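Chemist: Below you'll find final11.csv; it's CSV, C-alpha atoms.
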```csv
chain,number,residue,atom,x,y,z
A,679,MET,CA,-42.7,46.6,167.9
A,680,GLU,CA,-46.1,47.3,169.5
A,681,VAL,CA,-48.0,46.0,172.5
A,682,ASP,CA,-50.6,43.8,170.9
A,683,HIS,CA,-52.3,43.0,174.2
A,684,VAL,CA,-52.0,42.4,177.9
A,685,GLY,CA,-53.4,39.1,179.1
A,686,ILE,CA,-55.3,38.9,182.4
A,687,ALA,CA,-56.2,35.7,184.1
A,688,VAL,CA,-59.7,35.6,185.5
A,689,ARG,CA,-61.9,33.0,187.2
A,690,SER,CA,-65.0,34.0,185.4
A,691,LEU,CA,-65.3,36.0,182.1
A,692,SER,CA,-68.9,36.8,182.8
A,693,GLU,CA,-68.2,38.3,186.2
A,694,THR,CA,-65.1,40.2,185.2
A,695,THR,CA,-65.9,41.5,181.7
A,696,PRO,CA,-68.5,44.2,182.7
A,697,LYS,CA,-66.1,46.0,185.0
A,698,TRP,CA,-63.5,46.3,182.2
A,699,GLU,CA,-66.1,47.3,179.7
A,700,GLN,CA,-67.2,50.1,182.0
A,701,LEU,CA,-63.6,51.3,182.6
A,702,LEU,CA,-62.6,51.2,179.0
A,703,GLY,CA,-66.0,52.4,177.6
A,704,SER,CA,-66.0,49.7,174.9
A,705,PRO,CA,-67.7,46.3,174.6
A,706,ALA,CA,-65.7,43.0,174.9
A,707,SER,CA,-65.6,40.6,171.9
A,708,LEU,CA,-67.7,37.5,172.1
A,709,PRO,CA,-65.8,34.9,174.1
A,710,GLU,CA,-63.7,32.6,171.9
A,711,GLU,CA,-62.4,29.1,172.9
A,712,VAL,CA,-58.6,28.5,172.4
A,713,PRO,CA,-58.3,24.7,172.6
A,714,SER,CA,-54.4,24.7,172.4
A,715,GLN,CA,-54.3,26.8,175.6
A,716,ARG,CA,-57.4,25.4,177.3
A,717,VAL,CA,-58.9,28.8,177.8
A,718,ARG,CA,-61.8,30.9,176.8
A,719,VAL,CA,-60.9,34.5,176.0
A,720,ALA,CA,-62.5,37.9,175.4
A,721,PHE,CA,-60.8,41.0,174.0
A,722,LEU,CA,-61.3,44.6,174.8
A,723,LYS,CA,-59.9,47.4,172.7
A,724,VAL,CA,-57.8,50.0,174.4
A,725,GLY,CA,-56.4,52.5,171.8
A,726,SER,CA,-54.2,50.5,169.4
A,727,ALA,CA,-53.9,47.6,171.9
A,728,HIS,CA,-56.2,45.1,173.6
A,729,LEU,CA,-56.8,43.5,177.0
A,730,GLU,CA,-57.3,39.8,176.7
A,731,LEU,CA,-59.3,38.2,179.6
A,732,LEU,CA,-58.5,34.5,180.0
A,733,GLU,CA,-60.7,32.0,181.8
A,734,PRO,CA,-59.5,28.4,182.0
A,735,THR,CA,-61.6,25.7,180.6
A,736,SER,CA,-59.8,22.8,182.3
A,737,PRO,CA,-57.9,22.3,185.6
A,738,GLU,CA,-54.9,21.3,183.4
A,739,SER,CA,-54.8,24.7,181.8
A,740,SER,CA,-51.7,26.7,182.7
A,741,VAL,CA,-54.1,29.6,183.5
A,742,SER,CA,-55.7,27.3,186.2
A,743,ARG,CA,-52.3,26.8,187.7
A,744,PHE,CA,-51.6,30.5,187.6
A,745,LEU,CA,-54.9,31.3,189.3
A,746,GLU,CA,-54.2,28.7,192.0
A,747,SER,CA,-50.8,30.0,192.9
A,748,ARG,CA,-51.2,33.7,192.3
A,749,GLY,CA,-54.9,34.5,192.0
A,750,GLU,CA,-56.4,36.7,189.4
A,751,GLY,CA,-54.2,39.3,187.7
A,752,MET,CA,-51.9,40.1,184.8
A,753,HIS,CA,-50.8,36.9,183.1
A,754,HIS,CA,-48.7,37.9,180.1
A,755,ILE,CA,-47.8,40.7,177.7
A,756,ALA,CA,-48.0,40.2,173.9
A,757,PHE,CA,-46.0,42.1,171.3
A,758,GLY,CA,-46.9,42.2,167.6
A,759,VAL,CA,-44.0,41.0,165.4
A,760,PRO,CA,-43.7,40.4,161.6
A,761,SER,CA,-42.7,36.8,162.1
A,762,VAL,CA,-43.2,34.7,165.3
A,763,ASN,CA,-40.9,32.0,164.0
A,764,GLU,CA,-38.1,34.4,163.4
A,765,LYS,CA,-38.5,36.0,166.9
A,766,LEU,CA,-38.5,32.6,168.6
A,767,ALA,CA,-35.5,31.5,166.6
A,768,ASP,CA,-33.7,34.7,167.6
A,769,LEU,CA,-34.3,34.0,171.3
A,770,ILE,CA,-33.2,30.4,171.0
A,771,ARG,CA,-30.0,31.5,169.2
A,772,ARG,CA,-29.2,33.8,172.1
A,773,GLY,CA,-29.7,31.0,174.6
A,774,GLU,CA,-33.0,32.2,176.0
A,775,ARG,CA,-35.6,29.8,177.2
A,776,VAL,CA,-38.8,29.5,175.2
A,777,ILE,CA,-42.1,27.7,175.7
A,778,ASP,CA,-42.8,27.4,171.9
A,779,ARG,CA,-40.0,26.6,169.5
A,780,GLU,CA,-42.4,27.5,166.6
A,781,GLY,CA,-45.5,29.5,166.2
A,782,ARG,CA,-48.9,27.9,166.7
A,783,PRO,CA,-52.5,28.9,166.3
A,784,GLY,CA,-53.8,31.3,168.9
A,785,ALA,CA,-56.9,33.4,169.5
A,786,ARG,CA,-58.4,35.5,166.7
A,787,GLY,CA,-56.9,33.2,164.0
A,788,ARG,CA,-53.4,34.6,164.7
A,789,VAL,CA,-50.1,32.7,164.9
A,790,VAL,CA,-48.6,33.1,168.4
A,791,GLY,CA,-45.6,31.9,170.4
A,792,PHE,CA,-44.4,32.2,174.0
A,793,ALA,CA,-41.0,32.8,175.5
A,794,HIS,CA,-40.4,31.3,178.9
A,795,PRO,CA,-40.9,33.7,181.9
A,796,ALA,CA,-37.3,33.0,182.9
A,797,ALA,CA,-36.1,34.8,179.8
A,798,PHE,CA,-37.7,38.1,180.9
A,799,ALA,CA,-37.4,38.4,184.6
A,800,GLY,CA,-40.6,36.6,185.5
A,801,VAL,CA,-42.7,38.1,182.7
A,802,LEU,CA,-44.5,35.7,180.3
A,803,VAL,CA,-43.9,37.3,176.9
A,804,GLU,CA,-46.0,36.3,173.9
A,805,PHE,CA,-45.4,37.2,170.2
A,806,VAL,CA,-48.4,37.6,167.9
A,807,GLU,CA,-47.8,37.7,164.2
A,808,GLU,CA,-48.9,41.0,162.6
A,809,ARG,CA,-51.3,40.9,159.8
B,1261,MET,CA,-58.3,55.5,176.5
B,1262,GLU,CA,-54.8,54.2,175.6
B,1263,VAL,CA,-52.4,51.9,177.4
B,1264,ASP,CA,-49.8,54.4,178.7
B,1265,HIS,CA,-47.4,51.8,180.2
B,1266,VAL,CA,-47.1,48.3,181.8
B,1267,GLY,CA,-45.2,48.3,185.0
B,1268,ILE,CA,-42.8,45.4,185.8
B,1269,ALA,CA,-41.3,44.8,189.2
B,1270,VAL,CA,-37.6,43.9,189.1
B,1271,ARG,CA,-35.0,43.3,191.8
B,1272,SER,CA,-32.3,45.1,189.8
B,1273,LEU,CA,-32.7,47.7,187.0
B,1274,SER,CA,-29.1,47.2,185.9
B,1275,GLU,CA,-29.5,43.5,185.5
B,1276,THR,CA,-32.9,43.5,183.8
B,1277,THR,CA,-32.8,46.5,181.5
B,1278,PRO,CA,-30.4,45.1,178.9
B,1279,LYS,CA,-32.7,42.1,178.1
B,1280,TRP,CA,-35.7,44.4,177.5
B,1281,GLU,CA,-33.5,46.8,175.5
B,1282,GLN,CA,-32.4,43.9,173.3
B,1283,LEU,CA,-36.0,42.6,172.9
B,1284,LEU,CA,-37.5,45.9,172.1
B,1285,GLY,CA,-34.6,47.3,170.1
B,1286,SER,CA,-34.7,50.6,171.9
B,1287,PRO,CA,-32.7,52.1,174.8
B,1288,ALA,CA,-34.2,52.6,178.3
B,1289,SER,CA,-34.5,56.0,179.7
B,1290,LEU,CA,-32.0,57.0,182.4
B,1291,PRO,CA,-33.3,55.7,185.8
B,1292,GLU,CA,-35.5,58.2,187.7
B,1293,GLU,CA,-36.2,58.1,191.4
B,1294,VAL,CA,-39.9,58.4,192.4
B,1295,PRO,CA,-39.8,59.2,196.2
B,1296,SER,CA,-43.6,58.9,196.7
B,1297,GLN,CA,-43.5,55.3,195.6
B,1298,ARG,CA,-40.0,54.5,196.9
B,1299,VAL,CA,-38.9,53.1,193.6
B,1300,ARG,CA,-36.4,53.8,190.9
B,1301,VAL,CA,-37.8,53.4,187.4
B,1302,ALA,CA,-36.7,53.2,183.8
B,1303,PHE,CA,-39.0,53.4,180.7
B,1304,LEU,CA,-38.7,51.6,177.4
B,1305,LYS,CA,-40.7,52.8,174.4
B,1306,VAL,CA,-42.9,50.1,172.7
B,1307,GLY,CA,-44.9,51.7,169.9
B,1308,SER,CA,-47.2,54.3,171.4
B,1309,ALA,CA,-46.8,52.7,174.9
B,1310,HIS,CA,-43.9,52.1,177.3
B,1311,LEU,CA,-42.7,49.4,179.7
B,1312,GLU,CA,-41.8,50.8,183.1
B,1313,LEU,CA,-39.2,48.8,185.1
B,1314,LEU,CA,-39.6,49.4,188.8
B,1315,GLU,CA,-36.8,48.6,191.4
B,1316,PRO,CA,-37.6,49.3,195.0
B,1317,THR,CA,-35.4,51.7,196.9
B,1318,SER,CA,-36.6,50.7,200.4
B,1319,PRO,CA,-37.9,47.5,202.0
B,1320,GLU,CA,-41.1,49.5,202.9
B,1321,SER,CA,-41.9,50.1,199.2
B,1322,SER,CA,-45.0,48.3,198.0
B,1323,VAL,CA,-42.8,47.0,195.2
B,1324,SER,CA,-40.6,45.3,197.8
B,1325,ARG,CA,-43.6,43.5,199.2
B,1326,PHE,CA,-44.7,42.5,195.8
B,1327,LEU,CA,-41.3,41.0,195.0
B,1328,GLU,CA,-41.3,39.1,198.3
B,1329,SER,CA,-44.7,37.6,197.8
B,1330,ARG,CA,-44.8,37.0,194.0
B,1331,GLY,CA,-41.3,37.5,192.7
B,1332,GLU,CA,-40.4,39.6,189.6
B,1333,GLY,CA,-43.2,40.1,187.1
B,1334,MET,CA,-45.9,42.4,185.8
B,1335,HIS,CA,-47.0,44.8,188.6
B,1336,HIS,CA,-49.5,47.2,187.1
B,1337,ILE,CA,-51.1,48.6,183.9
B,1338,ALA,CA,-51.5,52.3,183.4
B,1339,PHE,CA,-54.0,54.0,181.2
B,1340,GLY,CA,-53.7,57.6,179.9
B,1341,VAL,CA,-56.7,59.7,180.9
B,1342,PRO,CA,-57.6,63.5,180.4
B,1343,SER,CA,-58.1,63.9,184.2
B,1344,VAL,CA,-56.8,61.6,186.9
B,1345,ASN,CA,-59.0,63.3,189.6
B,1346,GLU,CA,-62.1,62.8,187.5
B,1347,LYS,CA,-61.3,59.2,186.8
B,1348,LEU,CA,-60.7,58.5,190.5
B,1349,ALA,CA,-63.9,60.4,191.5
B,1350,ASP,CA,-65.9,58.3,189.0
B,1351,LEU,CA,-64.6,55.0,190.5
B,1352,ILE,CA,-65.3,56.2,194.1
B,1353,ARG,CA,-68.8,57.3,193.1
B,1354,ARG,CA,-69.4,53.7,191.8
B,1355,GLY,CA,-68.3,52.2,195.1
B,1356,GLU,CA,-65.0,50.9,193.8
B,1357,ARG,CA,-61.9,50.8,196.0
B,1358,VAL,CA,-59.0,53.2,195.2
B,1359,ILE,CA,-55.5,53.6,196.6
B,1360,ASP,CA,-55.4,57.3,195.8
B,1361,ARG,CA,-58.4,59.6,196.2
B,1362,GLU,CA,-56.6,62.3,194.3
B,1363,GLY,CA,-53.8,62.5,191.8
B,1364,ARG,CA,-50.3,62.8,193.0
B,1365,PRO,CA,-46.9,63.4,191.4
B,1366,GLY,CA,-45.5,60.3,189.6
B,1367,ALA,CA,-42.6,59.5,187.3
B,1368,ARG,CA,-41.8,61.7,184.3
B,1369,GLY,CA,-43.4,64.7,186.0
B,1370,ARG,CA,-46.9,63.3,185.4
B,1371,VAL,CA,-49.9,63.3,187.7
B,1372,VAL,CA,-50.9,59.7,188.5
B,1373,GLY,CA,-53.4,57.8,190.7
B,1374,PHE,CA,-54.0,54.2,191.5
B,1375,ALA,CA,-57.2,52.2,191.8
B,1376,HIS,CA,-57.2,49.3,194.3
B,1377,PRO,CA,-56.5,45.8,192.7
B,1378,ALA,CA,-59.8,44.6,194.2
B,1379,ALA,CA,-61.6,47.0,191.8
B,1380,PHE,CA,-60.3,45.1,188.7
B,1381,ALA,CA,-60.0,41.5,189.6
B,1382,GLY,CA,-56.5,41.5,191.0
B,1383,VAL,CA,-55.1,44.0,188.5
B,1384,LEU,CA,-53.5,47.1,189.9
B,1385,VAL,CA,-54.7,49.9,187.6
B,1386,GLU,CA,-52.9,53.3,187.4
B,1387,PHE,CA,-54.2,56.4,185.6
B,1388,VAL,CA,-51.7,58.8,184.1
B,1389,GLU,CA,-52.8,62.3,183.1
B,1390,GLU,CA,-52.3,62.9,179.4
B,1391,ARG,CA,-50.3,65.9,178.4
```
Give the structure from the file, written as structure tokens.
Modeler:
Amino acid sequence: MEVDHVGIAVRSLSETTPKWEQLLGSPASLPEEVPSQRVRVAFLKVGSAHLELLEPTSPESSVSRFLESRGEGMHHIAFGVPSVNEKLADLIRRGERVIDREGRPGARGRVVGFAHPAAFAGVLVEFVEER
Amino acid sequence: MEVDHVGIAVRSLSETTPKWEQLLGSPASLPEEVPSQRVRVAFLKVGSAHLELLEPTSPESSVSRFLESRGEGMHHIAFGVPSVNEKLADLIRRGERVIDREGRPGARGRVVGFAHPAAFAGVLVEFVEER
């Protein structure tokens, strides 16, 4: 398994992106809207992984609620897996809580699925299907 | 630059480690005490990066304060750099806030240094000197 990306909740992509671009020395991707999560995201490459900056597009986005209660900061960690459905089924079988029972469309045309933060001591874990 | 590790604040290494070992399919390192940060840590390999689980060893540890205010969860992200001192000096020169003005001994015998979360939109960024 590899770290696919680390998701960071931000209030404003346009204000935050330049600092990360300067730190990492690489340009961010053009922002992409992810309707299923009500966010707009931009990716920055770091070695074999990425940072994903997430800006909510609606007050009902879970990222809006995260920003309200905790402020800007790290939001989730995503691991690349051969099959998101198998990974989620494996967690469910072991009695772990999940947000998604099946993979769904995520950013960059990838299939994604989330475990529940309670399953991993407060850490929101995402699985991203490898290509 | 590469993601060296993602740090996760936990109340108990012994309770949390098995879940991550099962998820990642690899054993955690033996816990190591890092006196300068008043934490006990264990590392789990994920591809070319690691997760670092951090358990405070004192109520005065910044990880204790993190757990009190936010609960368990992602605490920092660490990037591998050729020189921690150069990276910190570069941030200071650009007017960014840092926690460390110079590298200091961290876990695994490595030189580390922290920027201030205010420098990166709420994200605590650590630099780890590459070997």
Chemist: With only C-alpha atoms considered, list every residue of chain A at most 8 Å from chain B, as a PyMOL selection string.
Modeler: chain A and resi 679-681+686+688+694+697-698+702+724-727+748-754+798-801
Chemist: Between A:Ser739, A:Gln715, A:Ser692, A:Ser707, which residue has the minimum interatomic distance to Gly784 in chain A, considering all atoms listed in the file?
Modeler: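 Smallest separation from Gly784 in chain A among the options: A:Gln715.
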Chemist: Of the candidates B:Glu1293, B:Leu1313, B:Val1372, B:Phe1326, which shows the shortest atom-to-atom distance to Val1385 in chain B, using all atoms listed in the file?
Modeler: B:Val1372
Chemist: May I have the protein, DNA and RNA residues with any atom at most 9 Å from the point (-60.3, 57.3, 187.5), counting all atoms listed in the file, written as a VMD selection string?
Modeler: (chain A and resid 701) or (chain B and resid 1341 1343 to 1352 1358 1373 to 1375 1386 to 1387)
Chemist: Please report the interatomic distance between CA of Ser736 in chain A and CA of Ala706 in chain A in Å with one decimal.
Modeler: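 Atom-to-atom, CA of Ser736 in chain A to CA of Ala706 in chain A, that is 22.3 Å.
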Chemist: When distances are computed from only C-alpha atoms, which of B:Glu1390, B:Glu1315, B:Val1294, B:His1376 shows the smallest separation from Glu1356 in chain B?
Modeler: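 Smallest separation from Glu1356 in chain B among the options: B:His1376.
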Chemist: How many Å separate CA of Glu1328 in chain B from CA of Leu745 in chain A?
Modeler: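 The value is 18.1 Å.
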Chemist: What does the distance from CA of Gly1369 in chain B to CA of Arg1353 in chain B come to in Å, to one decimal?
Modeler: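 A separation of 27.4 Å between them.
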Chemist: Which residues, written as a JSON list (two decimals) with C-alpha atoms, in the frame of the given file, have at least one atom at most 10 Å from Ala1367 in chain B, with all atoms listed in the file counted and residues fewer than 4 positions away on the same chain left out?
Modeler:
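What follows is the written file result08.json:
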```json
[["chain", "number", "residue", "atom", "x", "y", "z"],
["B", 1292, "GLU", "CA", -35.50, 58.20, 187.70],
["B", 1293, "GLU", "CA", -36.20, 58.10, 191.40],
["B", 1294, "VAL", "CA", -39.90, 58.40, 192.40],
["B", 1295, "PRO", "CA", -39.80, 59.20, 196.20],
["B", 1296, "SER", "CA", -43.60, 58.90, 196.70],
["B", 1297, "GLN", "CA", -43.50, 55.30, 195.60],
["B", 1299, "VAL", "CA", -38.90, 53.10, 193.60],
["B", 1300, "ARG", "CA", -36.40, 53.80, 190.90],
["B", 1301, "VAL", "CA", -37.80, 53.40, 187.40],
["B", 1302, "ALA", "CA", -36.70, 53.20, 183.80],
["B", 1303, "PHE", "CA", -39.00, 53.40, 180.70],
["B", 1312, "GLU", "CA", -41.80, 50.80, 183.10],
["B", 1371, "VAL", "CA", -49.90, 63.30, 187.70],
["B", 1372, "VAL", "CA", -50.90, 59.70, 188.50],
["B", 1388, "VAL", "CA", -51.70, 58.80, 184.10]]
```
